[in-house]
Amino acid sequence: MKKIQFYSLLFISFIVMMIGLIACTNDEAIVSDENKETSNFAGKTSDEGYLYAKAFYQSNLSFGKSVDVIDPDTKQGVTITEVKVNNEARARGYVVKQIKTDTFLFFADVNREKDVLTVYDANTDKQEIFSNLTKNEDYKTTEKFDFIKYANQKVTAAKGCDFWKKVWGSCTTEWTESAGNGYCINKRRTNYYFLWRLIDSDLQITSGAYPCNQYQ
């Protein structure tokens with residue numbers, strides 16, 4: 001009888017634990033393999049991410065840590081891998097690939113001496129440079145964009161800004177606010193993201209002042 005009670009309690013505890021695990025992953029991205037590490041690019045010399053990084057740095061390269069970030073809704077995601085240059089202790093580059101297809105998506109270089117972020121989009125074959133990072137709060141709070149170390153922070157998608165837009169893209173919000181004396185103005189803000197970090201923001205006034213009750 002005692003054995004039956006013991007196994008019953010064990011079974012109930014297992015069910016409670018599984019329910020808790022499922023609940024924890026419903027509203028945030030799944031991050032795994034944070035400490036996965038490859039010592040070099042052996043066997044990867046034909047990899048598109050490696051080739052781009054090699055051309056960018058023109059130096060000896062090695063892989064660092066790698067982390068998977070998965071959208072809990074679509075079960076799709078990306079693998080972020082550090083690129084170390086000339087055996088430096090800290091990674092400077094990052095290769096981003098789609099998990100499902102192993103497709104090379106993006107390359108990023110974080111020049112922490114000059115505070116410049118360079119992002120290459122393999123799909124559009126375009127490169128963008130962001131040089132105003134010293135005023136960027138995300139840059140400061142993530143040790144100058146350590147995309148691996150801070151990948152375990154909760155990754156959420158704001159309303160109208162889905163998982164993939166925050167991997168690399170922009171999200172725009174519009175609103176109306178008072179300009180005083182019964183007048184209103186319309187504003188628009190576009191935030192630019194890379195790996196869920198805010199890298200730039202553009203605020204515009206989209207209308208002149210008008211009576212706030214004009215469209216009521």
# chains A, B, ... in the order shown; residues from 1 in each chain; ligands from 1

call {"tool": "select_by_dssp", "arguments": {"residues": "range 76-182 of chain A", "states": "strand (DSSP E)", "output": "PyMOL selection string"}}
result
chain A and resi 77-85+93-98+104-111+116-121+126-130+168-180

call {"tool": "residues_around", "arguments": {"residues": "Asp102 in chain A", "least_positions_apart": "3", "cutoff": "10 Å", "atoms": "only C-alpha atoms", "output": "JSON, numbers by chain"}}
result
{"A": [47, 78, 79, 96, 97, 98, 99, 105]}

call {"tool": "write_last_selection", "arguments": {"atoms": "C-alpha atoms", "output": "tab-separated table (two decimals), in the first residue's frame"}}
result
chain	number	residue	atom	x	y	z
A	47	ASP	CA	29.95	28.06	-45.52
A	78	VAL	CA	17.88	31.49	-35.72
A	79	THR	CA	21.30	30.34	-34.62
A	96	VAL	CA	23.15	34.47	-38.01
A	97	LYS	CA	21.60	31.44	-39.74
A	98	GLN	CA	18.08	30.10	-40.00
A	99	ILE	CA	17.76	26.92	-37.93
A	105	LEU	CA	20.91	35.28	-43.08

call {"tool": "residues_around", "arguments": {"residues": "range 169-183 of chain A", "least_positions_apart": "6", "cutoff": "6 Å", "atoms": "only C-alpha atoms", "output": "VMD selection string"}}
result
chain A and resid 161 189 to 193 209 to 212

call {"tool": "atom_distance", "arguments": {"atom1": "CA of Tyr50 in chain A", "atom2": "CA of Arg90 in chain A"}}
result
17.5 Å

call {"tool": "residues_around", "arguments": {"residues": "range 139-151 of chain A", "least_positions_apart": "3", "cutoff": "7 Å", "atoms": "only C-alpha atoms", "output": "ChimeraX atom specification"}}
result
/A:67,112,133,136

call {"tool": "residues_around", "arguments": {"residues": "Lys84 in chain A", "least_positions_apart": "6", "cutoff": "9 Å", "atoms": "only C-alpha atoms", "output": "PDB file with C-alpha atoms, in the first residue's frame"}}
result
ATOM      1  CA  ASN A  60      42.376  34.375 -39.106  1.00  0.00           C
ATOM      2  CA  LEU A  61      38.960  33.454 -37.738  1.00  0.00           C
ATOM      3  CA  SER A  62      37.511  31.050 -35.196  1.00  0.00           C
ATOM      4  CA  PHE A  63      34.032  30.250 -33.964  1.00  0.00           C
ATOM      5  CA  GLY A  64      33.014  31.129 -30.418  1.00  0.00           C
ATOM      6  CA  ARG A  90      36.108  38.432 -27.108  1.00  0.00           C
ATOM      7  CA  ALA A  91      34.078  37.887 -30.245  1.00  0.00           C
ATOM      8  CA  ARG A  92      33.686  40.809 -32.571  1.00  0.00           C
ATOM      9  CA  GLY A  93      31.555  39.313 -35.314  1.00  0.00           C
ATOM     10  CA  TYR A  94      28.310  37.334 -35.361  1.00  0.00           C
TER      11      TYR A  94
END

call {"tool": "atom_distance", "arguments": {"atom1": "CA of Lys100 in chain A", "atom2": "CA of Ser66 in chain A"}}
result
15.6 Å

call {"tool": "atom_distance", "arguments": {"atom1": "CA of Val155 in chain A", "atom2": "CA of Val95 in chain A"}}
result
18.8 Å

call {"tool": "residues_around", "arguments": {"residues": "Asn132 in chain A", "least_positions_apart": "3", "cutoff": "9 Å", "atoms": "only C-alpha atoms", "output": "PyMOL selection string"}}
result
chain A and resi 115-117+135-136+199-200

call {"tool": "write_last_selection", "arguments": {"atoms": "N, CA, C and O atoms", "output": "PDB file, in the first residue's frame"}}
result
ATOM      1  N   ASP A 115      32.767  52.116 -31.569  1.00  0.00           N
ATOM      2  CA  ASP A 115      31.323  52.122 -31.286  1.00  0.00           C
ATOM      3  C   ASP A 115      30.507  52.192 -32.574  1.00  0.00           C
ATOM      4  O   ASP A 115      29.643  53.063 -32.753  1.00  0.00           O
ATOM      5  N   VAL A 116      30.789  51.239 -33.454  1.00  0.00           N
ATOM      6  CA  VAL A 116      30.116  51.166 -34.748  1.00  0.00           C
ATOM      7  C   VAL A 116      29.601  49.743 -34.970  1.00  0.00           C
ATOM      8  O   VAL A 116      30.330  48.772 -34.758  1.00  0.00           O
ATOM      9  N   LEU A 117      28.355  49.630 -35.399  1.00  0.00           N
ATOM     10  CA  LEU A 117      27.764  48.341 -35.746  1.00  0.00           C
ATOM     11  C   LEU A 117      27.554  48.280 -37.248  1.00  0.00           C
ATOM     12  O   LEU A 117      26.943  49.172 -37.841  1.00  0.00           O
ATOM     13  N   LYS A 135      24.985  56.709 -27.623  1.00  0.00           N
ATOM     14  CA  LYS A 135      23.760  57.220 -27.018  1.00  0.00           C
ATOM     15  C   LYS A 135      22.672  56.149 -26.921  1.00  0.00           C
ATOM     16  O   LYS A 135      21.541  56.436 -26.531  1.00  0.00           O
ATOM     17  N   ASN A 136      23.027  54.925 -27.287  1.00  0.00           N
ATOM     18  CA  ASN A 136      22.062  53.827 -27.344  1.00  0.00           C
ATOM     19  C   ASN A 136      22.045  53.069 -26.020  1.00  0.00           C
ATOM     20  O   ASN A 136      23.050  52.486 -25.609  1.00  0.00           O
ATOM     21  N   ILE A 199      18.674  49.386 -32.230  1.00  0.00           N
ATOM     22  CA  ILE A 199      19.935  49.933 -32.721  1.00  0.00           C
ATOM     23  C   ILE A 199      19.799  51.363 -33.245  1.00  0.00           C
ATOM     24  O   ILE A 199      20.791  52.082 -33.352  1.00  0.00           O
ATOM     25  N   ASP A 200      18.571  51.774 -33.564  1.00  0.00           N
ATOM     26  CA  ASP A 200      18.369  53.148 -34.018  1.00  0.00           C
ATOM     27  C   ASP A 200      16.883  53.471 -33.926  1.00  0.00           C
ATOM     28  O   ASP A 200      16.036  52.573 -33.879  1.00  0.00           O
TER      29      ASP A 200
END
